[in-house]
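Novice: See model_6.tsv below, with TSV, C-alpha atoms.
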```
chain	number	residue	atom	x	y	z
A	1	MET	CA	-11.31	21.55	-27.28
A	2	LEU	CA	-9.83	23.71	-30.02
A	3	GLY	CA	-6.39	22.21	-29.42
A	4	LYS	CA	-7.78	18.69	-29.60
A	5	THR	CA	-9.42	19.39	-32.94
A	6	PHE	CA	-6.97	21.53	-34.89
A	7	LEU	CA	-3.51	20.80	-33.55
A	8	PRO	CA	-1.47	17.98	-35.09
A	9	ARG	CA	-1.80	14.73	-33.14
A	10	THR	CA	1.90	14.16	-32.65
A	11	LEU	CA	4.50	16.85	-32.23
A	12	LEU	CA	3.10	20.19	-31.11
A	13	VAL	CA	6.09	22.07	-29.77
A	14	SER	CA	9.75	21.30	-29.78
A	15	SER	CA	11.93	23.77	-27.99
A	16	ARG	CA	15.12	23.62	-26.01
A	17	CYS	CA	16.21	25.68	-23.05
A	18	PHE	CA	19.92	25.87	-22.39
A	19	SER	CA	21.94	27.27	-19.53
A	20	SER	CA	23.93	29.42	-21.95
A	21	VAL	CA	22.63	31.44	-24.90
A	22	THR	CA	25.90	31.07	-26.81
A	23	SER	CA	26.66	27.39	-26.25
A	24	SER	CA	25.38	24.34	-28.09
A	25	THR	CA	27.17	21.98	-25.70
A	26	LEU	CA	25.06	20.11	-23.17
A	27	LYS	CA	25.73	21.09	-19.55
A	28	VAL	CA	24.32	20.00	-16.20
A	29	GLY	CA	21.07	21.91	-15.70
A	30	ASP	CA	20.15	22.15	-19.41
A	31	VAL	CA	16.54	21.24	-20.14
A	32	LEU	CA	15.19	19.73	-23.36
A	33	ARG	CA	11.43	19.85	-23.86
A	34	GLU	CA	8.70	18.76	-26.22
A	35	ALA	CA	4.91	18.93	-26.05
A	36	ARG	CA	2.49	16.41	-27.48
A	37	VAL	CA	-1.20	15.51	-27.50
A	38	PHE	CA	-1.92	11.76	-27.53
A	39	SER	CA	-4.83	10.74	-29.74
A	40	SER	CA	-7.07	7.68	-29.94
A	41	ASP	CA	-5.04	6.60	-32.98
A	42	ASP	CA	-1.82	6.80	-30.93
A	43	VAL	CA	-3.35	4.59	-28.23
A	44	LYS	CA	-4.59	2.07	-30.80
A	45	SER	CA	-1.22	1.94	-32.58
A	46	TYR	CA	0.59	1.41	-29.28
A	47	ALA	CA	-1.81	-1.38	-28.31
A	48	GLU	CA	-1.19	-3.08	-31.65
A	49	VAL	CA	2.57	-3.29	-31.09
A	50	SER	CA	2.48	-3.90	-27.32
A	51	TYR	CA	-0.55	-6.22	-27.22
A	52	ASP	CA	-1.83	-4.16	-24.27
A	53	TRP	CA	-5.56	-4.10	-24.96
A	54	ASN	CA	-6.61	-3.19	-21.41
A	55	PRO	CA	-10.16	-1.84	-21.79
A	56	LEU	CA	-9.29	1.23	-19.67
A	57	HIS	CA	-7.56	2.51	-22.83
A	58	PHE	CA	-10.56	1.94	-25.11
A	59	ASP	CA	-13.83	1.92	-23.16
A	60	GLN	CA	-14.83	5.34	-21.81
A	61	GLU	CA	-17.65	3.98	-19.64
A	62	LEU	CA	-15.40	1.37	-18.03
A	63	ALA	CA	-12.68	3.98	-17.42
A	64	ARG	CA	-15.21	6.26	-15.70
A	65	LYS	CA	-16.55	3.40	-13.57
A	66	ALA	CA	-12.95	2.75	-12.52
A	67	GLY	CA	-12.67	6.36	-11.31
A	68	PHE	CA	-10.97	8.02	-14.27
A	69	GLU	CA	-12.23	11.06	-16.19
A	70	ASP	CA	-11.86	9.39	-19.57
A	71	ARG	CA	-9.95	6.68	-21.44
A	72	LEU	CA	-6.30	6.37	-20.42
A	73	VAL	CA	-3.19	6.69	-22.55
A	74	HIS	CA	-0.76	3.84	-21.88
A	75	GLY	CA	1.81	5.00	-19.31
A	76	MET	CA	4.63	3.50	-21.34
A	77	LEU	CA	3.46	5.40	-24.42
A	78	VAL	CA	3.63	8.66	-22.45
A	79	SER	CA	7.09	7.79	-21.11
A	80	SER	CA	8.30	7.08	-24.65
A	81	MET	CA	8.63	10.86	-24.97
A	82	PHE	CA	11.89	10.73	-22.98
A	83	PRO	CA	14.10	8.72	-25.37
A	84	ARG	CA	12.53	10.58	-28.30
A	85	ILE	CA	13.47	13.96	-26.80
A	86	ILE	CA	17.03	12.85	-26.10
A	87	SER	CA	17.62	11.20	-29.47
A	88	SER	CA	16.16	14.16	-31.39
A	89	HIS	CA	18.91	16.36	-29.93
A	90	PHE	CA	21.63	13.67	-29.88
A	91	PRO	CA	21.17	11.30	-32.85
A	92	GLY	CA	22.71	7.93	-32.09
A	93	ALA	CA	22.18	8.28	-28.34
A	94	VAL	CA	22.06	4.92	-26.60
A	95	TYR	CA	19.31	4.86	-23.99
A	96	VAL	CA	20.55	2.53	-21.23
A	97	SER	CA	18.16	2.95	-18.30
A	98	GLN	CA	14.96	4.60	-17.16
A	99	SER	CA	13.14	4.63	-13.84
A	100	LEU	CA	9.48	5.66	-13.93
A	101	HIS	CA	6.87	6.76	-11.45
A	102	PHE	CA	3.32	7.13	-12.77
A	103	ARG	CA	1.87	10.00	-10.70
A	104	SER	CA	-1.32	11.00	-12.51
A	105	PRO	CA	-3.34	9.48	-15.36
A	106	VAL	CA	-3.04	10.83	-18.89
A	107	HIS	CA	-6.26	10.87	-20.90
A	108	VAL	CA	-6.67	10.90	-24.66
A	109	GLY	CA	-6.48	14.56	-25.74
A	110	ASP	CA	-4.39	15.81	-22.80
A	111	GLU	CA	-1.46	18.00	-23.79
A	112	ILE	CA	1.70	16.61	-22.24
A	113	LEU	CA	4.94	18.55	-21.84
A	114	GLY	CA	7.96	16.25	-21.68
A	115	LEU	CA	10.99	17.66	-19.84
A	116	VAL	CA	14.45	16.09	-19.77
A	117	GLN	CA	17.09	17.82	-17.63
A	118	ALA	CA	20.78	16.88	-17.57
A	119	THR	CA	21.75	16.19	-13.94
A	120	ALA	CA	25.18	14.55	-14.33
A	121	LEU	CA	27.79	14.19	-17.10
A	122	ARG	CA	30.76	11.86	-17.14
A	123	GLU	CA	33.27	11.30	-19.93
A	124	THR	CA	34.47	7.75	-20.48
A	125	LYS	CA	36.34	6.25	-23.46
A	126	ASN	CA	35.52	9.14	-25.83
A	127	LYS	CA	31.82	8.95	-24.97
A	128	TYR	CA	29.64	10.64	-22.38
A	129	ILE	CA	27.38	9.00	-19.84
A	130	VAL	CA	24.61	11.46	-19.06
A	131	LYS	CA	22.01	11.15	-16.31
A	132	PHE	CA	18.73	12.98	-16.88
A	133	SER	CA	15.81	13.87	-14.67
A	134	THR	CA	12.65	13.11	-16.66
A	135	LYS	CA	9.15	14.52	-16.21
A	136	CYS	CA	5.85	14.76	-18.10
A	137	ILE	CA	3.47	17.53	-17.06
A	138	LYS	CA	-0.24	17.60	-17.96
A	139	ASN	CA	-2.12	20.47	-19.60
A	140	HIS	CA	0.19	23.34	-18.58
A	141	ASN	CA	-0.84	23.08	-14.92
A	142	GLU	CA	2.32	21.61	-13.35
A	143	LEU	CA	0.48	18.35	-12.52
A	144	VAL	CA	3.14	15.67	-12.94
A	145	ALA	CA	1.92	12.62	-14.86
A	146	VAL	CA	5.20	10.68	-15.04
A	147	ASP	CA	8.65	11.30	-13.61
A	148	GLY	CA	11.90	9.45	-13.11
A	149	GLU	CA	15.52	9.30	-14.20
A	150	ALA	CA	17.19	8.18	-17.40
A	151	THR	CA	20.75	7.43	-18.41
A	152	ALA	CA	22.03	7.68	-21.98
A	153	ILE	CA	25.40	7.29	-23.66
A	154	LEU	CA	26.17	10.13	-26.07
A	155	SER	CA	28.99	10.23	-28.58
A	156	SER	CA	29.15	14.01	-28.20
A	157	LEU	CA	27.71	16.71	-25.98
A	158	GLU	CA	27.11	18.93	-29.03
A	159	MET	CA	23.37	19.36	-29.61
A	160	LEU	CA	21.85	19.03	-33.04
A	161	HIS	CA	20.61	22.48	-34.13
A	162	PRO	CA	20.40	24.03	-30.67
A	163	ILE	CA	17.95	26.85	-30.13
A	164	PRO	CA	18.99	29.33	-27.43
A	165	SER	CA	16.52	30.15	-24.65
A	166	LYS	CA	14.68	33.45	-24.84
```
Starting from the file, give its structure as structure tokens.
Specialist:
Amino acid sequence: MLGKTFLPRTLLVSSRCFSSVTSSTLKVGDVLREARVFSSDDVKSYAEVSYDWNPLHFDQELARKAGFEDRLVHGMLVSSMFPRIISSHFPGAVYVSQSLHFRSPVHVGDEILGLVQATALRETKNKYIVKFSTKCIKNHNELVAVDGEATAILSSLEMLHPIPSK
């Protein structure tokens, strides 16, 4: 409850883990990560732009009657962490595809850890096509909420302000 009350509603943690302490160049196996808590305001704002007013996102009693613990965060809002993580490390990245599997519901107030791992790199015409494994984990317990794969085109493999792993 403390985290729900006092932590900022958007970005909680932004850290990067790299395969090499001395390199700022993306390599296969490198993991980018970011944690976030989704609030009621986030859900409302997403509904306003997506026109997805499904009552499971707004009515706690209805969500519980449907078998959920609490109101749900839109799955597409949760999965929006993936392009945000990639573009924060590679400004100008072009997000070209994403597959998604919704494994477990995300409720308002859950802390979600977004993980994006480079799985394949290919250079083409002075750009890089990078395939990423994507995953969102709930509340530090390794319960996967969303996973899939993404592909992005990067102009460079150099990361913006890389932070070496500890």
Novice: Nearest residue to His107 in chain A out of A:Ala47, A:Leu160, A:Leu72, A:Leu26, using all atoms listed in the file?
Specialist: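 Residue with the minimum atom-to-atom distance to His107 in chain A: A:Leu72.
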Novice: For CA of Val130 in chain A and CA of Val116 in chain A, determine how far apart the two atoms are, in Å to one decimal place.
Specialist: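 Pair CA of Val130 in chain A / CA of Val116 in chain A returns 11.2 Å.
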Novice: State, in Å with one decimal place, the distance from CA of Gly109 in chain A to CA of Lys65 in chain A.
Specialist: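 Result for CA of Gly109 in chain A versus CA of Lys65 in chain A: 19.3 Å, one decimal.
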Novice: What residues have an atom no more than 7 Å from (27.0, 11.5, -13.0) in the file's own frame, counting all atoms listed in the file, and can you write them as JSON, numbers by chain?
Specialist: {"A": [120, 121, 122, 130, 131]}
Novice: Measuring atom to atom with all atoms listed in the file, identify which of A:Val106, A:Met81, A:Leu100, A:Ala93 is nearest to Glu158 in chain A.
Specialist: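 Among the listed residues, A:Ala93 lies closest to Glu158 in chain A.
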Novice: For a test of reading the model, state the distance in Å between CA of Leu154 in chain A and CA of Lys125 in chain A, rounded to one decimal.
Specialist: 11.2 Å
Novice: Find the residue from A:Arg103, A:Arg64, A:Arg84, A:Arg33 that sits nearest to Ala152 in chain A; use only C-alpha atoms when measuring.
Specialist: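 Distance minimum relative to Ala152 in chain A lands on A:Arg84.
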Novice: Do a neighbour search on Val96 in chain A at 10 Å with all atoms listed in the file, toss out local chain neighbours closer than 5 positions, and write the hits as a short mmCIF file (atom, residue, chain, number, x, y, z; two decimals) with C-alpha atoms, in the coordinates of the input.
Specialist:
```cif
data_model
loop_
_atom_site.label_atom_id
_atom_site.label_comp_id
_atom_site.auth_asym_id
_atom_site.auth_seq_id
_atom_site.Cartn_x
_atom_site.Cartn_y
_atom_site.Cartn_z
CA PRO A 83 14.10 8.72 -25.37
CA ILE A 129 27.38 9.00 -19.84
CA ALA A 150 17.19 8.18 -17.40
CA THR A 151 20.75 7.43 -18.41
CA ALA A 152 22.03 7.68 -21.98
CA ILE A 153 25.40 7.29 -23.66
#
```
Novice: Listed atoms of range 60-63 of chain A, axis-aligned box, 6 Å per side: centre and edge lengths to one decimal in Å, as JSON?
Specialist:
```
{"center_x": -15.2, "center_y": 3.4, "center_z": -19.6, "size_x": 17.0, "size_y": 16.0, "size_z": 16.4}
```
Novice: Which polymer residues have any atom within 9 Å of an atom of Val146 in chain A, counting all atoms listed in the file, with same-chain residues fewer than 2 positions away left out, as a list in words?
Specialist: Gly75, Val78, Ser79, Leu100, His101, Phe102, Arg103, Ser104, Pro105, Thr134, Lys135, Cys136, Ile137, Val144 and Gly148 of chain A
Novice: Let me make sure I understand: among A:Asp30, A:Leu77, A:Phe38, A:Asn126, which one has the smallest atom-to-atom distance to Ser50 in chain A if we use all atoms listed in the file?
Specialist: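 Distance minimum relative to Ser50 in chain A lands on A:Leu77.
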Novice: Determine, counting all atoms listed in the file, which protein, DNA and RNA residues have an atom within 9 Å of an atom of Ile85 in chain A; residues of the same chain fewer than 4 positions away are not included. Present the result as a PyMOL selection string.
Specialist: chain A and resi 14+32-34+80-81+89-90+114-116
Novice: Smallest atom-to-atom distance to Asp42 in chain A: which of A:Leu157, A:Leu62, A:Ala118, A:Val108, using all atoms listed in the file?
Specialist: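 Selected residue with least distance to Asp42 in chain A: A:Val108.
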Novice: My list of candidates is A:Val31, A:Met159, A:Met76, A:Thr25. Which is closest to Gly92 in chain A when distances are computed with all atoms listed in the file?
Specialist: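 The answer is A:Met159, which sits nearest to Gly92 in chain A.
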